[in-house]
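A.B. asks: Got a file for you: entry01.pdb, PDB, C-alpha atoms.
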ATOM      1  CA  MET I  94     112.369 102.289  89.338
ATOM      2  CA  GLY I  95     110.526 101.445  86.148
ATOM      3  CA  SER I  96     107.005 101.926  84.940
ATOM      4  CA  ARG I  97     105.287  99.620  87.414
ATOM      5  CA  LYS I  98     103.829 101.052  90.589
ATOM      6  CA  MET I  99     105.559  99.383  93.498
ATOM      7  CA  PRO I 100     103.259  98.416  96.390
ATOM      8  CA  SER I 101     103.811  99.948  99.793
ATOM      9  CA  PHE I 102     106.396  98.531 102.152
ATOM     10  CA  ASP I 103     103.572  97.420 104.450
ATOM     11  CA  VAL I 104     101.966  95.441 101.625
ATOM     12  CA  MET I 105     105.304  93.839 100.738
ATOM     13  CA  GLU I 106     105.906  92.973 104.373
ATOM     14  CA  GLU I 107     102.497  91.316 104.589
ATOM     15  CA  ARG I 108     102.551  89.376 101.304
ATOM     16  CA  LEU I 109     106.172  88.543 100.532
ATOM     17  CA  TYR I 110     108.913  86.500 102.143
ATOM     18  CA  SER I 111     112.659  86.314 101.683
ATOM     19  CA  GLY I 112     112.632  82.914  99.989
ATOM     20  CA  VAL I 113     110.403  83.951  97.090
ATOM     21  CA  LEU I 114     112.431  87.133  96.547
ATOM     22  CA  SER I 115     115.642  85.102  96.498
ATOM     23  CA  ASP I 116     114.120  82.673  93.994
ATOM     24  CA  VAL I 117     113.020  85.489  91.683
ATOM     25  CA  LEU I 118     116.471  87.083  91.867
ATOM     26  CA  ASP I 119     118.044  83.705  91.060
ATOM     27  CA  GLY I 120     115.796  83.431  88.013
ATOM     28  CA  MET I 121     117.031  86.822  86.827
ATOM     29  CA  GLY I 122     120.666  85.753  87.166
ATOM     30  CA  LEU I 123     121.244  87.686  90.422
ATOM     31  CA  ARG I 124     122.435  84.801  92.548
ATOM     32  CA  ARG I 125     124.400  86.548  95.305
ATOM     33  CA  GLN I 126     121.738  88.728  96.914
ATOM     34  CA  ALA I 127     121.063  86.868 100.177
ATOM     35  CA  MET I 128     123.161  87.921 103.158
ATOM     36  CA  SER I 129     125.138  85.364 105.138
ATOM     37  CA  GLU I 130     123.270  82.979 107.400
ATOM     38  CA  GLY I 131     124.795  84.496 110.534
ATOM     39  CA  ILE I 132     122.703  87.670 110.287
ATOM     40  CA  ARG I 133     119.636  86.829 112.363
ATOM     41  CA  PRO I 134     116.554  88.704 113.630
ATOM     42  CA  LEU I 135     116.376  89.475 117.345
ATOM     43  CA  TYR I 136     112.871  87.996 117.578
ATOM     44  CA  HIS I 137     111.346  85.221 115.511
ATOM     45  CA  ASP I 138     108.528  87.173 113.820
ATOM     46  CA  ALA I 139     110.616  90.235 112.982
ATOM     47  CA  THR I 140     110.155  91.318 109.364
ATOM     48  CA  VAL I 141     111.657  94.393 107.756
ATOM     49  CA  VAL I 142     111.353  95.934 104.319
ATOM     50  CA  GLY I 143     112.512  99.343 103.136
ATOM     51  CA  ARG I 144     115.175 101.382 101.388
ATOM     52  CA  ALA I 145     118.778 100.752 102.380
ATOM     53  CA  ALA I 146     120.436 103.627 104.215
ATOM     54  CA  THR I 147     124.014 102.430 104.386
ATOM     55  CA  ALA I 148     126.727 102.962 106.985
ATOM     56  CA  LEU I 149     130.346 101.890 107.297
ATOM     57  CA  SER I 150     131.888 101.197 110.714
ATOM     58  CA  ALA I 151     135.541 100.737 111.627
ATOM     59  CA  ASP I 152     137.341  99.640 114.781
ATOM     60  CA  VAL I 153     139.176 102.271 116.813
ATOM     61  CA  TYR I 154     141.529 101.870 119.742
ATOM     62  CA  ASN I 155     141.264 105.117 121.677
ATOM     63  CA  PRO I 156     139.105 104.862 124.826
ATOM     64  CA  ASP I 157     138.698 108.644 124.917
ATOM     65  CA  GLU I 158     137.495 108.997 121.324
ATOM     66  CA  ASP I 159     133.924 110.221 120.818
ATOM     67  CA  THR I 160     132.582 107.328 118.771
ATOM     68  CA  LEU I 161     128.922 108.226 119.288
ATOM     69  CA  ALA I 162     129.006 111.240 116.960
ATOM     70  CA  GLY I 163     129.223 109.132 113.788
ATOM     71  CA  GLU I 164     126.374 106.899 114.892
ATOM     72  CA  ILE I 165     124.133 109.886 115.611
ATOM     73  CA  GLU I 166     125.005 111.457 112.262
ATOM     74  CA  ALA I 167     124.027 108.272 110.404
ATOM     75  CA  VAL I 168     120.771 107.962 112.342
ATOM     76  CA  ASP I 169     119.944 111.647 111.834
ATOM     77  CA  ALA I 170     120.190 111.051 108.080
ATOM     78  CA  LEU I 171     117.468 108.389 108.168
ATOM     79  CA  GLY I 172     114.100 109.126 106.613
ATOM     80  CA  GLU I 173     110.658 107.589 106.373
ATOM     81  CA  GLY I 174     110.869 104.060 104.977
ATOM     82  CA  ASP I 175     114.629 103.674 105.429
ATOM     83  CA  VAL I 176     116.371 100.633 106.877
ATOM     84  CA  LEU I 177     119.838 101.253 108.293
ATOM     85  CA  VAL I 178     122.234  98.707 106.765
ATOM     86  CA  ALA I 179     125.631  98.841 108.451
ATOM     87  CA  THR I 180     128.800  96.862 107.976
ATOM     88  CA  THR I 181     131.455  96.354 110.617
ATOM     89  CA  SER I 182     133.486  94.149 108.253
ATOM     90  CA  GLY I 183     132.820  91.306 110.656
ATOM     91  CA  SER I 184     134.201  92.986 113.769
ATOM     92  CA  THR I 185     133.074  91.553 117.122
ATOM     93  CA  ARG I 186     134.932  94.002 119.381
ATOM     94  CA  ALA I 187     131.766  95.768 120.541
ATOM     95  CA  ALA I 188     128.071  96.257 119.917
ATOM     96  CA  LEU I 189     127.579  98.915 117.266
ATOM     97  CA  TRP I 190     123.800  98.951 117.792
ATOM     98  CA  GLY I 191     121.488  99.215 120.810
ATOM     99  CA  GLU I 192     118.234 100.493 122.268
ATOM    100  CA  LEU I 193     118.926 104.225 122.002
ATOM    101  CA  LEU I 194     119.843 104.058 118.322
ATOM    102  CA  SER I 195     116.760 101.902 117.678
ATOM    103  CA  THR I 196     114.536 104.430 119.437
ATOM    104  CA  ALA I 197     116.102 107.347 117.559
ATOM    105  CA  SER I 198     115.796 105.509 114.233
ATOM    106  CA  ARG I 199     112.132 104.749 114.753
ATOM    107  CA  ALA I 200     111.465 108.397 115.630
ATOM    108  CA  ARG I 201     112.862 109.370 112.222
ATOM    109  CA  GLY I 202     110.592 106.930 110.391
ATOM    110  CA  ALA I 203     113.102 104.119 109.870
ATOM    111  CA  ARG I 204     111.681 100.612 109.600
ATOM    112  CA  GLY I 205     114.580  98.622 111.044
ATOM    113  CA  ALA I 206     118.314  97.965 111.117
ATOM    114  CA  ILE I 207     120.512  95.289 109.567
ATOM    115  CA  LEU I 208     124.168  94.876 110.459
ATOM    116  CA  ASP I 209     126.895  92.299 110.005
ATOM    117  CA  GLY I 210     128.077  93.105 113.512
ATOM    118  CA  LEU I 211     126.894  93.001 117.096
ATOM    119  CA  THR I 212     124.012  94.548 118.971
ATOM    120  CA  ARG I 213     122.994  94.811 122.622
ATOM    121  CA  ASP I 214     119.976  95.920 124.720
ATOM    122  CA  VAL I 215     118.069  93.081 123.114
ATOM    123  CA  ARG I 216     115.246  92.918 125.644
ATOM    124  CA  GLN I 217     114.485  96.604 125.202
ATOM    125  CA  ILE I 218     114.684  96.404 121.389
ATOM    126  CA  VAL I 219     112.298  93.447 121.374
ATOM    127  CA  GLU I 220     109.891  95.380 123.582
ATOM    128  CA  LEU I 221     110.054  98.227 121.050
ATOM    129  CA  ARG I 222     109.219  95.739 118.274
ATOM    130  CA  PHE I 223     111.894  97.426 116.194
ATOM    131  CA  PRO I 224     113.226  94.876 113.685
ATOM    132  CA  VAL I 225     116.974  94.485 114.151
ATOM    133  CA  PHE I 226     119.012  91.855 112.310
ATOM    134  CA  ALA I 227     122.553  91.276 113.550
ATOM    135  CA  SER I 228     125.299  88.672 113.519
ATOM    136  CA  GLY I 229     125.590  88.488 117.299
ATOM    137  CA  ILE I 230     124.902  89.934 120.736
ATOM    138  CA  ARG I 231     127.400  91.338 123.224
ATOM    139  CA  PRO I 232     126.977  93.885 126.029
ATOM    140  CA  ILE I 233     130.170  95.832 125.335
ATOM    141  CA  SER I 234     129.722  99.498 124.359
ATOM    142  CA  SER I 235     131.029 100.867 121.076
ATOM    143  CA  LYS I 236     132.619 103.817 122.919
ATOM    144  CA  GLY I 237     136.314 103.897 122.075
ATOM    145  CA  ARG I 238     136.025 100.609 120.173
ATOM    146  CA  CYS I 239     134.208 101.242 116.885
ATOM    147  CA  ARG I 240     132.601 104.151 115.092
ATOM    148  CA  ILE I 241     130.714 104.879 111.896
ATOM    149  CA  ILE I 242     133.171 106.543 109.544
ATOM    150  CA  ASP I 243     130.862 107.047 106.545
ATOM    151  CA  HIS I 244     127.228 106.706 105.574
ATOM    152  CA  GLY I 245     125.240 106.881 102.363
ATOM    153  CA  CYS I 246     128.036 104.972 100.642
ATOM    154  CA  ARG I 247     128.330 101.659  98.822
ATOM    155  CA  ILE I 248     129.093  98.846 101.266
ATOM    156  CA  GLU I 249     129.331  95.077 101.497
ATOM    157  CA  CYS I 250     127.153  93.642 104.266
ATOM    158  CA  GLY I 251     126.793  89.942 104.927
ATOM    159  CA  GLY I 252     128.582  89.171 101.685
ATOM    160  CA  VAL I 253     126.244  91.282  99.524
ATOM    161  CA  ILE I 254     127.001  94.626  97.879
ATOM    162  CA  VAL I 255     124.449  97.198  99.089
ATOM    163  CA  ASN I 256     123.932 100.608  97.502
ATOM    164  CA  PRO I 257     121.928 103.404  99.105
ATOM    165  CA  GLY I 258     118.309 103.087  98.018
ATOM    166  CA  ASP I 259     118.402  99.354  97.296
ATOM    167  CA  LEU I 260     115.357  97.471  98.531
ATOM    168  CA  VAL I 261     116.080  95.230 101.519
ATOM    169  CA  PHE I 262     113.810  92.528 102.910
ATOM    170  CA  GLY I 263     114.450  90.503 106.039
ATOM    171  CA  ASP I 264     112.504  87.822 107.893
ATOM    172  CA  PHE I 265     113.281  84.703 109.919
ATOM    173  CA  ASP I 266     114.885  82.992 106.906
ATOM    174  CA  GLY I 267     117.342  85.830 106.329
ATOM    175  CA  VAL I 268     117.975  89.099 104.509
ATOM    176  CA  VAL I 269     117.729  89.688 100.765
ATOM    177  CA  VAL I 270     119.013  92.764  98.897
ATOM    178  CA  ILE I 271     117.179  93.784  95.721
ATOM    179  CA  PRO I 272     119.119  96.264  93.553
ATOM    180  CA  LEU I 273     117.174  99.454  92.954
ATOM    181  CA  SER I 274     117.364  99.044  89.168
ATOM    182  CA  VAL I 275     115.334  95.807  89.240
ATOM    183  CA  ALA I 276     113.250  96.299  92.385
ATOM    184  CA  ASP I 277     109.943  96.918  90.608
ATOM    185  CA  GLU I 278     110.316  93.848  88.429
ATOM    186  CA  VAL I 279     111.438  91.598  91.283
ATOM    187  CA  VAL I 280     108.563  92.631  93.533
ATOM    188  CA  SER I 281     106.024  92.231  90.708
ATOM    189  CA  ARG I 282     107.279  88.748  89.852
ATOM    190  CA  ALA I 283     107.405  87.731  93.507
ATOM    191  CA  LEU I 284     103.806  88.823  94.074
ATOM    192  CA  GLU I 285     102.742  86.758  91.060
ATOM    193  CA  VAL I 286     104.549  83.696  92.423
ATOM    194  CA  VAL I 287     102.947  84.110  95.844
ATOM    195  CA  ALA I 288      99.482  84.440  94.285
ATOM    196  CA  LYS I 289     100.011  81.169  92.385
ATOM    197  CA  GLU I 290     101.337  79.474  95.515
ATOM    198  CA  ASN I 291      98.222  80.541  97.426
ATOM    199  CA  ILE I 292      95.965  79.015  94.761
ATOM    200  CA  THR I 293      97.960  75.774  94.797
ATOM    201  CA  ARG I 294      97.837  75.666  98.592
ATOM    202  CA  GLU I 295      94.067  76.070  98.592
ATOM    203  CA  GLU I 296      93.709  73.315  95.992
ATOM    204  CA  LEU I 297      95.849  70.987  98.079
TER     205      LEU I 297
END
When written as structure tokens, how does the structure in this file appear?
C.D. replies:
Amino acid sequence: MGSRKMPSFDVMEERLYSGVLSDVLDGMGLRRQAMSEGIRPLYHDATVVGRAATALSADVYNPDEDTLAGEIEAVDALGEGDVLVATTSGSTRAALWGELLSTASRARGARGAILDGLTRDVRQIVELRFPVFASGIRPISSKGRCRIIDHGCRIECGGVIVNPGDLVFGDFDGVVVIPLSVADEVVSRALEVVAKENITREEL
């Protein structure tokens, strides 16, 4: 990721925000890196930053099909510092995500989940303080309705192409995807902008 030493995810979470990252990406000619406005955090102060661990979900129409296996496989593949980024291609048939997957993801060191689909068990997820960003909420189980058919693959989520290992950052303003190849430079520039903003704010 270049010669610069990237700060820790915790430092980025504390010092950066999605708007400044989007501005820096714009300045570098990467103008389509913010996910659609419909992908929202489950609680107002949720912030997530980490490496994208991608997953692809598809609708199924067999009530007897074991759709949980693919979800567990994707979660089992998560590592320290990962953020699960899943696409349902806009499906609203069922909630792909919930409390149990959030709990299992956290146990594996994941920092959050982002999906352009639905979630449920919101009260429990909020109590866990596990950052989940989703396009909607619905109580219907994924069993027999949708399943993860691949993970660790290139996907499009919220209108943005996401590759495994890309840096993702989400807060109340939305989710930004920083391609791995420019992540060091983007973070460095964003930190410089924030430092200047802080000086200006103090002067004002």
A.B. asks: Once the PyMOL selection byres ((chain I and resi 265-280) around 6) is applied to the coordinates I shared, what remains selected? I want it as a PyMOL selection string.
C.D. replies: chain I and resi 94+99+126-128+137+259-264+281-283
A.B. asks: Suppose you want the space between CA of Asp159 (chain I) and CA of Val253 (chain I); what is it in Å?
C.D. replies: 29.5 Å
A.B. asks: Excluding Gly172 (chain I) and any residue of its chain fewer than 5 positions from it, enumerate the residues within 12 Å of it, using all atoms listed in the file, and give them as a PDB file with C-alpha atoms, in the coordinates of the input.
C.D. replies:
ATOM      1  CA  GLY I 143     112.512  99.343 103.136  1.00  0.00           C
ATOM      2  CA  ARG I 144     115.175 101.382 101.388  1.00  0.00           C
ATOM      3  CA  ALA I 145     118.778 100.752 102.380  1.00  0.00           C
ATOM      4  CA  ALA I 146     120.436 103.627 104.215  1.00  0.00           C
ATOM      5  CA  ALA I 167     124.027 108.272 110.404  1.00  0.00           C
ATOM      6  CA  LEU I 177     119.838 101.253 108.293  1.00  0.00           C
ATOM      7  CA  ALA I 197     116.102 107.347 117.559  1.00  0.00           C
ATOM      8  CA  SER I 198     115.796 105.509 114.233  1.00  0.00           C
ATOM      9  CA  ARG I 199     112.132 104.749 114.753  1.00  0.00           C
ATOM     10  CA  ALA I 200     111.465 108.397 115.630  1.00  0.00           C
ATOM     11  CA  ARG I 201     112.862 109.370 112.222  1.00  0.00           C
ATOM     12  CA  GLY I 202     110.592 106.930 110.391  1.00  0.00           C
ATOM     13  CA  ALA I 203     113.102 104.119 109.870  1.00  0.00           C
ATOM     14  CA  ARG I 204     111.681 100.612 109.600  1.00  0.00           C
ATOM     15  CA  GLY I 205     114.580  98.622 111.044  1.00  0.00           C
ATOM     16  CA  GLY I 258     118.309 103.087  98.018  1.00  0.00           C
TER      17      GLY I 258
END
A.B. asks: To one decimal place, how far is CA of Asn155 (chain I) from CA of Lys236 (chain I) in Å?
C.D. replies: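 These two atoms are separated by 8.8 Å.
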A.B. asks: With distances taken over all atoms listed in the file, which of I:Ser111, I:Asn256, I:Thr181, I:Ser101 is nearest to Val153 (chain I)?
C.D. replies: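 Under the stated criterion, the closest residue is I:Thr181.
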A.B. asks: Which residues are close to Glu106 (chain I), i.e. within 7 Å by only C-alpha atoms, leaving aside same-chain residues fewer than 5 positions away? Reply as a ChimeraX atom specification.
C.D. replies: /I:140-142
A.B. asks: Looking at only C-alpha atoms, which of I:Glu192, I:Ser235, I:His244, I:Leu135 is the one that sits closest to Asp169 (chain I)?
C.D. replies: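 Looking only at the distances to Asp169 (chain I), the closest residue turns out to be I:His244.
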A.B. asks: Evaluate the PyMOL selection byres ((chain I and resi 158) around 12) here and jot the selected residues down as a PDB file with C-alpha atoms, in the frame of the given file.
C.D. replies:
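Saved result, out.pdb, follows:
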ATOM      1  CA  ASP I 152     137.341  99.640 114.781  1.00  0.00           C
ATOM      2  CA  VAL I 153     139.176 102.271 116.813  1.00  0.00           C
ATOM      3  CA  TYR I 154     141.529 101.870 119.742  1.00  0.00           C
ATOM      4  CA  ASN I 155     141.264 105.117 121.677  1.00  0.00           C
ATOM      5  CA  PRO I 156     139.105 104.862 124.826  1.00  0.00           C
ATOM      6  CA  ASP I 157     138.698 108.644 124.917  1.00  0.00           C
ATOM      7  CA  ASP I 159     133.924 110.221 120.818  1.00  0.00           C
ATOM      8  CA  THR I 160     132.582 107.328 118.771  1.00  0.00           C
ATOM      9  CA  LEU I 161     128.922 108.226 119.288  1.00  0.00           C
ATOM     10  CA  ALA I 162     129.006 111.240 116.960  1.00  0.00           C
ATOM     11  CA  GLY I 163     129.223 109.132 113.788  1.00  0.00           C
ATOM     12  CA  SER I 235     131.029 100.867 121.076  1.00  0.00           C
ATOM     13  CA  LYS I 236     132.619 103.817 122.919  1.00  0.00           C
ATOM     14  CA  GLY I 237     136.314 103.897 122.075  1.00  0.00           C
ATOM     15  CA  ARG I 238     136.025 100.609 120.173  1.00  0.00           C
ATOM     16  CA  CYS I 239     134.208 101.242 116.885  1.00  0.00           C
ATOM     17  CA  ARG I 240     132.601 104.151 115.092  1.00  0.00           C
TER      18      ARG I 240
END
